[in-house]
2 protein chains.
Amino acid sequence: MMKRAAASKKKTRIQAKNEQKILDAALAVFSQFGFRGSTIDQIADHAQLSKPNVLYYFRGKQDIYVRLLQQTLDHWLAPLSELDPDGDPVDQIVKYTMIKLEMSRKNPEASRLFANEMLQGAAMIGDVLKGDLKALVDEKASVIKLWADRGEIAKVDPYHLIFMIWATTQHYADFDTQIRSVLGATYNKDRCFLDAQSTITSILVNGLKVQ
Amino acid sequence: MMKRAAASKKKTRIQAKNEQKILDAALAVFSQFGFRGSTIDQIADHAQLSKPNVLYYFRGKQDIYVRLLQQTLDHWLAPLSELDPDGDPVDQIVKYTMIKLEMSRKNPEASRLFANEMLQGAAMIGDVLKGDLKALVDEKASVIKLWADRGEIAKVDPYHLIFMIWATTQHYADFDTQIRSVLGATYNKDRCFLDAQSTITSILVNGLKVQ
DNA sequence: AATATTATTGACCGTTTGGTCAGGTTTCTA
DNA sequence: TAGAAACCTGACCAAACGGTCAATAATATT
């Protein structure tokens, strides 16, 4: 009789398993079609569950979407907080960039999920962007600014440097289709990411060198 | 009685006007929600026309979408063909980058339209990507490779340099929401693009310098 | 083994969606 | 200015959509 709704009781074996199946399916679907373009039926099919069964575990489409975003968001933004003010500036920036690139390779769907959310105006996570994300970026931007002021890296706007890193790395997940098409029939994923790695590193290292 | 379908007759005044109204509306809607997330009703509302009237000018939702993509595609990819093999390498690359950045500012919806199409797997323009786009990129990549081989710019993979330029510039259109949130309440569009311009230019110019 | 809880589903509901169509109105053309 | 062509719309349709619910099946607890 107890609805698993407000006060979270202990999760059953089946509940934990099925909720994760649904969230996995939802990631595949939402990351491709965005919130509005996705349907519960698609998610149910992908999770190999009936639609009513999906709605037994989640209150509705939006509930799935929000929970998925929450689950993915922290993990996706985490690396930035590891940018170490006491480390070697260029090393730290390059290391962060490479971690982000690796994430785009390992979990492109997460990247596309956020890309879709941004394109649709970030209706669901606008507050997080203006809150936690902004705070974290502000903090790390001031670290980068310090490095620049000290003359340890070139004088660049720290915010736009971060944007450039985000853009460059996430591009390999979000525009995967385009990249495959342009690189042609001989496309090889590992090769592509290795080339990306050396190109980005090279431009970033030289680009940040004090003149 | 003549259906405006196969052999294109002369366009009436009203036809030209309304088709453009519809395509303008479609750009606004499709660029935000992608093909699947958008509805004809939304487009009709935005164009201030009735739904049946929209379908009087276009055969269906997909017809609007494809015509819109075709109309926008050429314009969006054009600048790359102006990359001049006989110009100064760094100048040419920076100039191209700045044109792309300017396009992201002037026509962010076009950028988001393509971003959505890519995220959804480029079902409608996959052939164009593998055809015209690939051919153009191949051509210009070989130009950049020549510059690198001659030692006029740093040795970087030309394809990934182009990806980096696309990513960095389009980011300002596609992730506009995120950028606004992170830059906070004092956000100013002109200021943002000026800072972006100098940051990207700086990193690119130094990054491409021969060591 | 009996019982309480959790899990699952077919059938269903109201709404939205892409699209059609008959018929009326406006605009063009001779 | 009359007729032809182009334009526009209310009413409609079938399918897809988000979501509900009563009833049944599986599992856990005692």
# chains A, B, ... in the order shown; residues from 1 in each chain; ligands from 1

call {"tool": "residues_around", "arguments": {"residues": "region 9-22 of chain D", "least_positions_apart": "3", "cutoff": "8 Å", "atoms": "only C-alpha atoms (C1' of nucleotides)", "output": "list in words"}}
result
Thr39, Ile40, Gly60 and Lys61 of chain A; Ser50, Pro52 and Asn53 of chain B; DC13, DT15, DT16, DT17 and DT20 of chain C

call {"tool": "residues_around", "arguments": {"residues": "DT25 (chain C)", "least_positions_apart": "5", "cutoff": "12 Å", "atoms": "only C-alpha atoms (C1' of nucleotides)", "output": "list of chain:residue names"}}
result
D:DA6, D:DC7, D:DC8, D:DT9

call {"tool": "residues_around", "arguments": {"residues": "Glu19 (chain A)", "least_positions_apart": "2", "cutoff": "12 Å", "atoms": "only C-alpha atoms (C1' of nucleotides)", "output": "list in words"}}
result
Lys11, Thr12, Arg13, Ile14, Gln15, Ala16, Lys17, Lys21, Ile22, Leu23, Asp24, Ala25, Ala26, Ile43, Ala44, Ala47, Leu49, Asn53, Val54, Leu55, Tyr56, Tyr57, Phe58, Arg59, Asp63, Ile64, Arg67 and Leu68 of chain A

call {"tool": "select_by_dssp", "arguments": {"residues": "region 8-136 of chain B", "states": "helix (DSSP H, G or I)", "output": "PyMOL selection string"}}
result
chain B and resi 13-37+40-47+51-57+61-81+89-106+108-119+126-136

call {"tool": "residues_around", "arguments": {"residues": "Tyr159 (chain B)", "least_positions_apart": "2", "cutoff": "9 Å", "atoms": "only C-alpha atoms (C1' of nucleotides)", "output": "PyMOL selection string"}}
result
(chain A and resi 182-183) or (chain B and resi 137-138+140-141+144+156-157+161-164)

call {"tool": "write_last_selection", "arguments": {"atoms": "N, CA and C atoms", "output": "PDB file, in the first residue's frame"}}
result
ATOM      1  N   VAL A 182      32.976  13.857 -42.271  1.00  0.00           N
ATOM      2  CA  VAL A 182      34.071  14.611 -42.876  1.00  0.00           C
ATOM      3  C   VAL A 182      35.343  13.772 -42.955  1.00  0.00           C
ATOM      4  N   LEU A 183      35.587  12.989 -41.922  1.00  0.00           N
ATOM      5  CA  LEU A 183      36.808  12.175 -41.937  1.00  0.00           C
ATOM      6  C   LEU A 183      36.675  10.968 -42.861  1.00  0.00           C
TER       7      LEU A 183
ATOM      8  N   VAL B 137      35.916  20.443 -47.146  1.00  0.00           N
ATOM      9  CA  VAL B 137      36.855  20.349 -46.026  1.00  0.00           C
ATOM     10  C   VAL B 137      38.147  19.679 -46.477  1.00  0.00           C
ATOM     11  N   ASP B 138      38.019  18.623 -47.269  1.00  0.00           N
ATOM     12  CA  ASP B 138      39.213  17.963 -47.802  1.00  0.00           C
ATOM     13  C   ASP B 138      40.105  18.966 -48.536  1.00  0.00           C
ATOM     14  N   LYS B 140      40.225  22.279 -48.307  1.00  0.00           N
ATOM     15  CA  LYS B 140      40.841  23.300 -47.466  1.00  0.00           C
ATOM     16  C   LYS B 140      41.831  22.701 -46.468  1.00  0.00           C
ATOM     17  N   ALA B 141      41.576  21.471 -46.062  1.00  0.00           N
ATOM     18  CA  ALA B 141      42.518  20.806 -45.165  1.00  0.00           C
ATOM     19  C   ALA B 141      43.859  20.620 -45.868  1.00  0.00           C
ATOM     20  N   ILE B 144      45.751  23.844 -45.714  1.00  0.00           N
ATOM     21  CA  ILE B 144      46.351  24.045 -44.389  1.00  0.00           C
ATOM     22  C   ILE B 144      47.549  23.115 -44.201  1.00  0.00           C
ATOM     23  N   VAL B 156      50.063  21.031 -37.209  1.00  0.00           N
ATOM     24  CA  VAL B 156      48.846  20.526 -36.567  1.00  0.00           C
ATOM     25  C   VAL B 156      48.027  19.772 -37.599  1.00  0.00           C
ATOM     26  N   ASP B 157      47.189  18.871 -37.113  1.00  0.00           N
ATOM     27  CA  ASP B 157      46.293  18.154 -38.017  1.00  0.00           C
ATOM     28  C   ASP B 157      45.268  19.141 -38.569  1.00  0.00           C
ATOM     29  N   LEU B 161      42.126  21.082 -36.641  1.00  0.00           N
ATOM     30  CA  LEU B 161      42.165  22.541 -36.500  1.00  0.00           C
ATOM     31  C   LEU B 161      40.833  23.135 -36.939  1.00  0.00           C
ATOM     32  N   ILE B 162      40.332  22.641 -38.061  1.00  0.00           N
ATOM     33  CA  ILE B 162      39.028  23.116 -38.543  1.00  0.00           C
ATOM     34  C   ILE B 162      37.923  22.774 -37.540  1.00  0.00           C
ATOM     35  N   PHE B 163      37.963  21.555 -37.002  1.00  0.00           N
ATOM     36  CA  PHE B 163      36.969  21.186 -35.976  1.00  0.00           C
ATOM     37  C   PHE B 163      37.039  22.135 -34.788  1.00  0.00           C
ATOM     38  N   MET B 164      38.263  22.469 -34.413  1.00  0.00           N
ATOM     39  CA  MET B 164      38.459  23.333 -33.247  1.00  0.00           C
ATOM     40  C   MET B 164      37.865  24.713 -33.507  1.00  0.00           C
TER      41      MET B 164
END

call {"tool": "closest_residue", "arguments": {"among": "C:DC21, C:DA7, C:DA30, C:DA2", "to": "chain B", "atoms": "only C-alpha atoms (C1' of nucleotides)"}}
result
C:DC21

call {"tool": "closest_residue", "arguments": {"among": "A:Trp166, A:Glu109, A:Leu129, A:Met103", "to": "Arg180 (chain B)", "atoms": "only C-alpha atoms"}}
result
A:Leu129

call {"tool": "interface_residues", "arguments": {"of": "chain A", "to": "chain B", "cutoff": "6 Å", "atoms": "only C-alpha atoms", "output": "list in words"}}
result
Gln32, Phe33, Arg36, Gly37, Met118, Leu119, Gln120, Leu129, Lys130, Lys134, Val156, His160, Met164, Ala167, Thr168, His171, Phe175, Ser181, Val182, Ala196, Thr199, Ile203, Asn206 and Gly207 of chain A

call {"tool": "atom_distance", "arguments": {"atom1": "CA of Ser142 (chain A)", "atom2": "CA of Glu102 (chain A)"}}
result
25.0 Å

call {"tool": "atom_distance", "arguments": {"atom1": "CA of Ser104 (chain A)", "atom2": "CA of Leu69 (chain A)"}}
result
16.4 Å

call {"tool": "interface_residues", "arguments": {"of": "chain C", "to": "chain A", "cutoff": "9 Å", "atoms": "only C-alpha atoms (C1' of nucleotides)", "output": "list in words"}}
result
DT5, DT6, DA7, DT8 and DT9 of chain C

call {"tool": "write_last_selection", "arguments": {"atoms": "N, CA, C and O atoms (P, O5', C5', C4', C3', O3' and C1' of nucleotides)", "output": "short mmCIF file (atom, residue, chain, number, x, y, z; two decimals), in the first residue's frame"}}
result
data_model
loop_
_atom_site.label_atom_id
_atom_site.label_comp_id
_atom_site.auth_asym_id
_atom_site.auth_seq_id
_atom_site.Cartn_x
_atom_site.Cartn_y
_atom_site.Cartn_z
P DT C 5 1.43 -4.50 4.12
"O5'" DT C 5 2.43 -4.33 2.91
"C5'" DT C 5 3.73 -4.91 3.00
"C4'" DT C 5 4.28 -5.17 1.64
"C3'" DT C 5 4.24 -3.97 0.68
"O3'" DT C 5 5.56 -3.50 0.54
"C1'" DT C 5 3.78 -6.04 -0.42
P DT C 6 5.90 -2.22 -0.35
"O5'" DT C 6 6.27 -2.90 -1.75
"C5'" DT C 6 7.25 -3.93 -1.78
"C4'" DT C 6 7.29 -4.56 -3.15
"C3'" DT C 6 7.46 -3.56 -4.30
"O3'" DT C 6 8.54 -4.02 -5.08
"C1'" DT C 6 5.70 -5.07 -4.75
P DA C 7 9.04 -3.22 -6.35
"O5'" DA C 7 8.33 -4.00 -7.53
"C5'" DA C 7 8.62 -5.38 -7.69
"C4'" DA C 7 7.88 -5.94 -8.87
"C3'" DA C 7 8.01 -5.12 -10.17
"O3'" DA C 7 8.39 -6.04 -11.18
"C1'" DA C 7 5.72 -5.57 -9.70
P DT C 8 8.71 -5.53 -12.66
"O5'" DT C 8 7.34 -5.71 -13.43
"C5'" DT C 8 6.77 -7.00 -13.53
"C4'" DT C 8 5.43 -6.94 -14.22
"C3'" DT C 8 5.38 -6.07 -15.49
"O3'" DT C 8 5.30 -6.95 -16.59
"C1'" DT C 8 3.42 -5.84 -14.13
P DT C 9 5.32 -6.36 -18.07
"O5'" DT C 9 3.77 -6.24 -18.40
"C5'" DT C 9 2.94 -7.36 -18.17
"C4'" DT C 9 1.49 -6.95 -18.35
"C3'" DT C 9 1.22 -6.10 -19.60
"O3'" DT C 9 0.31 -6.78 -20.42
"C1'" DT C 9 0.11 -5.22 -17.70
#
